[in-house]
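Structure data (compact mmCIF, C-alpha atoms) from target.txt:
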```
# COMPACT_ATOMS: atom_id res chain seq x y z
CA ASP A 8 18.94 -35.36 18.67
CA GLY A 9 20.35 -31.84 19.05
CA GLY A 10 20.80 -31.15 15.34
CA THR A 11 17.19 -32.02 14.56
CA TRP A 12 15.91 -29.82 17.39
CA LEU A 13 18.09 -26.95 16.22
CA MET A 14 16.67 -27.27 12.71
CA VAL A 15 13.08 -27.45 14.04
CA VAL A 16 13.61 -24.33 16.19
CA PHE A 17 15.16 -22.45 13.25
CA LEU A 18 12.37 -23.43 10.84
CA ALA A 19 9.71 -22.70 13.45
CA LEU A 20 11.09 -19.18 13.86
CA LEU A 21 10.98 -18.73 10.08
CA TRP A 22 7.46 -20.17 10.08
CA ALA A 23 6.40 -17.40 12.50
CA LEU A 24 6.74 -14.82 9.71
CA PRO A 25 3.87 -16.01 7.47
CA ILE A 26 1.73 -16.62 10.56
CA SER A 27 2.41 -13.07 11.81
CA GLN A 28 1.85 -11.57 8.37
CA ASP A 29 -1.50 -13.32 8.02
CA ILE A 30 -2.58 -12.06 11.45
CA GLU A 31 -1.48 -8.54 10.53
CA GLU A 32 -3.26 -8.69 7.16
CA ALA A 33 -6.50 -9.80 8.79
CA ALA A 34 -6.25 -7.01 11.38
CA THR A 35 -5.56 -4.44 8.66
CA GLU A 36 -8.43 -5.68 6.51
CA GLU A 37 -10.76 -5.49 9.50
CA ARG A 38 -9.67 -1.93 10.25
CA VAL A 39 -10.17 -0.93 6.59
CA MET A 40 -13.63 -2.49 6.64
CA ASP A 41 -14.46 -0.72 9.90
CA HIS A 42 -13.33 2.60 8.40
CA HIS A 43 -15.51 2.25 5.31
CA LEU A 44 -18.52 0.82 7.11
CA THR A 45 -18.70 3.09 10.15
CA GLU A 46 -22.21 3.35 11.55
CA SER A 47 -23.28 0.49 9.29
CA ARG A 48 -24.45 -2.80 10.75
CA ASN A 49 -25.42 -5.15 7.97
CA ILE A 50 -25.29 -8.91 8.01
CA PRO A 51 -22.77 -9.45 5.17
CA ALA A 52 -20.31 -7.04 6.81
CA GLU A 53 -20.66 -8.85 10.13
CA ILE A 54 -20.03 -12.20 8.42
CA VAL A 55 -16.85 -10.80 6.84
CA ARG A 56 -15.82 -9.34 10.22
CA LEU A 57 -16.32 -12.75 11.86
CA ALA A 58 -14.26 -14.43 9.11
CA LEU A 59 -11.45 -11.90 9.60
CA ARG A 60 -11.44 -12.47 13.35
CA ILE A 61 -11.35 -16.23 12.86
CA ARG A 62 -8.42 -15.72 10.48
CA ARG A 63 -6.66 -13.49 12.98
CA ILE A 64 -7.27 -15.40 16.21
CA ILE A 65 -8.20 -19.05 15.56
CA LEU A 66 -6.44 -19.92 12.30
CA PRO A 67 -2.87 -19.42 13.60
CA PHE A 68 -3.45 -22.01 16.31
CA MET A 69 -5.06 -24.42 13.86
CA ALA A 70 -1.98 -24.00 11.64
CA THR A 71 0.14 -24.74 14.71
CA ALA A 72 -1.84 -27.93 15.35
CA ALA A 73 -1.56 -28.96 11.68
CA THR A 74 2.19 -28.38 11.74
CA LEU A 75 2.50 -30.45 14.90
CA VAL A 76 0.55 -33.31 13.32
CA LEU A 77 2.79 -33.26 10.26
CA LEU A 78 5.94 -33.26 12.37
CA VAL A 79 4.75 -36.00 14.74
CA THR A 80 3.25 -38.39 12.19
CA ASP A 81 6.03 -38.25 9.58
CA ASN A 82 9.50 -39.78 9.66
CA ILE A 83 11.98 -37.44 11.28
CA SER A 84 14.46 -36.37 8.64
CA ALA A 85 15.74 -32.98 7.54
CA LYS A 86 13.96 -33.28 4.21
CA ASN A 87 10.59 -34.17 5.75
CA ILE A 88 10.77 -31.43 8.38
CA ILE A 89 11.63 -28.77 5.77
CA LEU A 90 8.90 -29.98 3.41
CA ASN A 91 6.30 -30.05 6.19
CA PHE A 92 7.04 -26.46 7.24
CA LEU A 93 7.00 -25.44 3.57
CA ALA A 94 3.64 -27.15 3.01
CA ILE A 95 2.00 -25.34 5.94
CA THR A 96 3.47 -22.03 4.79
CA PHE A 97 2.19 -22.62 1.25
CA VAL A 98 -1.32 -23.41 2.46
CA SER A 99 -1.38 -20.33 4.69
CA GLU A 100 -0.33 -18.12 1.75
CA ALA A 101 -2.82 -19.67 -0.71
CA ASP A 102 -5.40 -16.89 -0.24
CA ASN A 103 -2.88 -14.25 -1.33
CA VAL A 104 -1.81 -16.30 -4.34
CA LEU A 105 -5.42 -16.83 -5.39
CA ALA A 106 -6.14 -13.11 -5.03
CA VAL A 107 -3.30 -12.30 -7.43
CA LEU A 108 -4.51 -14.93 -9.91
CA ILE A 109 -8.23 -14.14 -9.75
CA LEU A 110 -8.51 -10.39 -9.19
CA TRP A 111 -8.05 -8.03 -12.09
CA THR A 112 -5.58 -5.18 -11.91
CA ARG A 113 -8.40 -2.65 -11.53
CA GLN A 114 -9.86 -4.57 -8.57
CA ARG A 115 -6.48 -4.73 -6.85
CA GLU A 116 -6.00 -1.00 -7.44
CA LEU A 117 -9.40 -0.30 -5.86
CA MET A 118 -8.45 -2.42 -2.85
CA GLU A 119 -5.13 -0.60 -2.48
CA LYS A 120 -6.89 2.79 -2.80
CA ALA A 121 -9.43 1.84 -0.10
CA ALA A 122 -6.65 0.63 2.17
CA LYS A 123 -4.60 3.80 1.64
CA GLU A 124 -7.64 5.98 2.32
CA ALA A 125 -8.34 4.12 5.55
CA HIS A 126 -4.66 4.15 6.49
CA ASP A 127 -4.52 7.95 6.16
CA SER A 128 -7.52 8.37 8.48
CA GLU A 129 -7.46 9.07 12.23
CA GLU A 130 -8.33 5.48 13.21
CA PHE A 131 -5.04 4.07 11.86
CA HIS A 132 -2.69 5.87 14.24
CA ASP A 133 -1.99 2.74 16.32
CA THR A 134 -0.42 0.62 13.55
CA GLN A 135 2.69 -0.17 15.61
CA ALA A 136 0.56 -1.93 18.21
CA ALA A 137 -1.07 -4.11 15.54
CA PHE A 138 2.37 -4.96 14.13
CA PHE A 139 3.73 -5.77 17.60
CA TRP A 140 0.79 -7.96 18.67
CA ALA A 141 0.83 -9.86 15.37
CA ARG A 142 4.49 -10.71 16.00
CA VAL A 143 3.80 -11.63 19.63
CA GLN A 144 1.03 -14.00 18.55
CA GLY A 145 3.29 -15.50 15.85
CA PHE A 146 6.05 -16.18 18.39
CA PHE A 147 3.41 -17.50 20.80
CA CYS A 148 2.44 -20.05 18.13
CA VAL A 149 6.11 -21.03 17.75
CA THR A 150 6.44 -21.45 21.52
CA ILE A 151 3.32 -23.61 21.66
CA LEU A 152 4.57 -25.69 18.74
CA LEU A 153 7.95 -26.32 20.37
CA ILE A 154 6.49 -27.09 23.82
CA ALA A 155 3.86 -29.39 22.34
CA LEU A 156 6.49 -31.12 20.21
CA ALA A 157 8.64 -31.67 23.30
CA ILE A 158 5.83 -33.15 25.42
CA VAL A 159 3.62 -34.90 22.87
CA ASP A 160 5.39 -38.26 23.37
CA LYS A 161 4.82 -38.14 27.11
CA VAL A 162 1.24 -36.87 27.04
CA VAL A 163 -0.20 -38.73 24.05
CA THR A 164 0.15 -42.45 24.62
CA ASP A 165 -2.63 -43.46 22.24
CA CYS A 166 -3.30 -41.98 18.79
CA ASP A 167 -6.95 -41.50 19.73
CA TYR A 168 -5.86 -38.92 22.31
CA LEU A 169 -3.88 -36.85 19.77
CA GLU A 170 -6.97 -34.98 18.54
CA GLU A 171 -7.99 -34.15 22.12
CA PHE A 172 -4.45 -32.98 22.92
CA LEU A 173 -4.36 -30.77 19.82
CA SER A 174 -7.79 -29.24 20.24
CA GLY A 175 -7.40 -28.63 23.95
CA ASN A 176 -3.76 -27.73 24.47
CA VAL A 177 -2.59 -26.48 21.08
CA ALA A 178 -5.72 -24.67 19.84
CA SER A 179 -8.31 -23.90 22.54
CA LEU A 180 -6.13 -22.94 25.50
CA PRO A 181 -3.87 -20.58 23.51
CA PHE A 182 -6.97 -19.12 21.80
CA MET A 183 -8.43 -18.29 25.23
CA ILE A 184 -5.12 -16.76 26.34
CA VAL A 185 -5.05 -14.50 23.26
CA VAL A 186 -8.69 -13.46 23.70
CA VAL A 187 -8.19 -12.63 27.37
CA GLY A 188 -4.92 -10.84 26.57
CA GLN A 189 -6.58 -8.72 23.90
CA ALA A 190 -9.49 -7.93 26.22
CA VAL A 191 -7.10 -6.80 28.96
CA TYR A 192 -4.98 -4.80 26.51
CA ARG A 193 -7.93 -3.04 24.89
CA GLY A 194 -9.70 -2.51 28.20
```
structure tokens encoding of this file:
Amino acid sequence: DGGTWLMVVFLALLWALPISQDIEEAATEERVMDHHLTESRNIPAEIVRLALRIRRIILPFMATAATLVLLVTDNISAKNIILNFLAITFVSEADNVLAVLILWTRQRELMEKAAKEAHDSEEFHDTQAAFFWARVQGFFCVTILLIALAIVDKVVTDCDYLEEFLSGNVASLPFMIVVVGQAVYRG
């Protein structure tokens, strides 16, 4: 009904914030790493760079697919919808919570110092673009979630097809759109 859709749209827009923040954090961490490891090509740094790119580009769409699964497979009630969005947000913020619990104050200070040093350098002049594109990708995830939620009943007639629908239409296709968009933007 209309009230449920209004609540889903509202919560999905709120859900875009942690998605966008995670994308922005990954982009910032990659830029800090690039600043401190210029002219250095070692295997551990490349593994971390790959993990950061997965976190920035693939993980938001996997979170979108997970949110869609929770919304589709659970009873539709205000309580369940709110709890499902809260659960996905909690899981996406778990890395930050663990960092606060595990890292000592000195380690966090060193990380903040390295980030500030990189931020003050010449390479960090385009921070508004990173902020803007993180928000665009977050709202893109919301749009995909709402479109997929609207058409999932018509497209998925058998539960066996749900995984194919999610991997193809909710994760892979948007991933390719973002990669092509970034390639065009960056030239």
Can you check which parts of segment 60-164 of chain A lie within 10 Å of segment 52-56 of chain A? Per residue, the shortest pair of atoms and distance in Å to one decimal, counting all atoms listed in the file, sorted by chain and number, as a tab-separated table.
```
residue	atom	partner	partner_atom	distance
A:Arg60	CA	A:Arg56	CA	6.2
A:Ile61	CA	A:Arg56	CA	8.6
A:Arg62	CA	A:Arg56	CA	9.8
```
Expected answer as a list of chain:residue names: all residues with atoms within 12 Å of (-5.8, -10.3, 25.0), all atoms listed in the file: A:Ile64, A:Trp140, A:Ala141, A:Val143, A:Gln144, A:Pro181, A:Phe182, A:Met183, A:Ile184, A:Val185, A:Val186, A:Val187, A:Gly188, A:Gln189, A:Ala190, A:Val191, A:Tyr192, A:Arg193, A:Gly194
One decimal, Å: what's the distance from atom CA of Leu75 of chain A over to atom CA of Glu31 of chain A, could you say?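 Going from atom CA of Leu75 of chain A over to atom CA of Glu31 of chain A, I get 22.7 Å.
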A:Val39, A:Val162, A:Leu105, A:Ala85: which is nearest Met118 of chain A, counting only C-alpha atoms? A:Val39
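Each of A:Gly10, A:Gly145, A:Pro51, A:Pro67 was checked against Val98 of chain A using all atoms listed in the file; the smallest atom-to-atom distance is that of A:Pro67.
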Compile the contact shell of segment 100-102 of chain A as a PyMOL selection string: residues with an atom at most 12 Å away, counting only C-alpha atoms, same-chain residues fewer than 6 positions apart removed. chain A and resi 22+24-30+32-33+62+70+93-94+108-110
Of the candidates A:Ile158, A:Leu13, A:Ala19, A:Cys148, which shows the shortest atom-to-atom distance to Asn91 of chain A, using all atoms listed in the file?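 For Asn91 of chain A, the nearest of the candidates is A:Ala19.
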Coordinates-based distance that separates atom CA of Glu37 of chain A from atom CA of Ala106 of chain A (Å, one decimal):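 Between atom CA of Ala106 of chain A and atom CA of Glu37 of chain A the gap is 17.0 Å.
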Let me make sure I understand: among A:Leu173, A:Ala157, A:Ala178, A:Leu152, which one has the smallest atom-to-atom distance to Ala23 of chain A if we use all atoms listed in the file?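 Using all atoms listed in the file, Ala23 of chain A sits closest to A:Leu152.
Around Met69 of chain A, within 9 Å and counting all atoms listed in the file, the residues found are Ile65, Leu66, Ala72, Ala73, Thr74, Leu173, Ser174, Val177 and Ala178 of chain A, once anything fewer than 3 positions away on its own chain is removed.
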Using Å and a single decimal, report how far atom CA of Val104 of chain A sits from atom CA of Leu44 of chain A.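 Separation between atom CA of Leu44 of chain A and atom CA of Val104 of chain A: 26.5 Å.
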Mind filling out segment 133-150 of chain A with N, CA and C atoms and sending it as an mmCIF file, in the frame of the given file?
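out32.cif, written as the output of this step:
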```cif
data_model
loop_
_atom_site.group_PDB
_atom_site.id
_atom_site.type_symbol
_atom_site.label_atom_id
_atom_site.label_comp_id
_atom_site.auth_asym_id
_atom_site.auth_seq_id
_atom_site.Cartn_x
_atom_site.Cartn_y
_atom_site.Cartn_z
ATOM 1 N N ASP A 133 -2.597 3.741 15.443
ATOM 2 C CA ASP A 133 -1.990 2.740 16.320
ATOM 3 C C ASP A 133 -1.513 1.517 15.515
ATOM 4 N N THR A 134 -0.849 1.739 14.382
ATOM 5 C CA THR A 134 -0.420 0.620 13.550
ATOM 6 C C THR A 134 0.750 -0.145 14.165
ATOM 7 N N GLN A 135 1.569 0.522 14.979
ATOM 8 C CA GLN A 135 2.690 -0.170 15.610
ATOM 9 C C GLN A 135 2.208 -1.227 16.590
ATOM 10 N N ALA A 136 1.104 -0.955 17.273
ATOM 11 C CA ALA A 136 0.560 -1.930 18.210
ATOM 12 C C ALA A 136 0.060 -3.169 17.468
ATOM 13 N N ALA A 137 -0.597 -2.966 16.322
ATOM 14 C CA ALA A 137 -1.070 -4.110 15.540
ATOM 15 C C ALA A 137 0.108 -4.943 15.042
ATOM 16 N N PHE A 138 1.163 -4.268 14.585
ATOM 17 C CA PHE A 138 2.370 -4.960 14.130
ATOM 18 C C PHE A 138 2.985 -5.759 15.284
ATOM 19 N N PHE A 139 3.115 -5.123 16.441
ATOM 20 C CA PHE A 139 3.730 -5.770 17.600
ATOM 21 C C PHE A 139 2.924 -6.986 18.049
ATOM 22 N N TRP A 140 1.603 -6.844 18.175
ATOM 23 C CA TRP A 140 0.790 -7.960 18.670
ATOM 24 C C TRP A 140 0.704 -9.093 17.658
ATOM 25 N N ALA A 141 0.790 -8.784 16.370
ATOM 26 C CA ALA A 141 0.830 -9.860 15.370
ATOM 27 C C ALA A 141 2.112 -10.676 15.534
ATOM 28 N N ARG A 142 3.226 -9.998 15.792
ATOM 29 C CA ARG A 142 4.490 -10.710 16.000
ATOM 30 C C ARG A 142 4.473 -11.502 17.304
ATOM 31 N N VAL A 143 3.901 -10.921 18.343
ATOM 32 C CA VAL A 143 3.800 -11.630 19.630
ATOM 33 C C VAL A 143 2.980 -12.905 19.453
ATOM 34 N N GLN A 144 1.849 -12.812 18.754
ATOM 35 C CA GLN A 144 1.030 -14.000 18.550
ATOM 36 C C GLN A 144 1.756 -15.013 17.673
ATOM 37 N N GLY A 145 2.517 -14.572 16.678
ATOM 38 C CA GLY A 145 3.290 -15.500 15.850
ATOM 39 C C GLY A 145 4.332 -16.247 16.673
ATOM 40 N N PHE A 146 5.059 -15.517 17.532
ATOM 41 C CA PHE A 146 6.050 -16.180 18.390
ATOM 42 C C PHE A 146 5.382 -17.041 19.458
ATOM 43 N N PHE A 147 4.178 -16.677 19.876
ATOM 44 C CA PHE A 147 3.410 -17.500 20.800
ATOM 45 C C PHE A 147 3.074 -18.843 20.141
ATOM 46 N N CYS A 148 2.706 -18.812 18.856
ATOM 47 C CA CYS A 148 2.440 -20.050 18.130
ATOM 48 C C CYS A 148 3.697 -20.916 18.037
ATOM 49 N N VAL A 149 4.849 -20.287 17.804
ATOM 50 C CA VAL A 149 6.110 -21.030 17.750
ATOM 51 C C VAL A 149 6.400 -21.670 19.103
ATOM 52 N N THR A 150 6.205 -20.916 20.171
ATOM 53 C CA THR A 150 6.440 -21.450 21.520
ATOM 54 C C THR A 150 5.533 -22.630 21.808
#
```
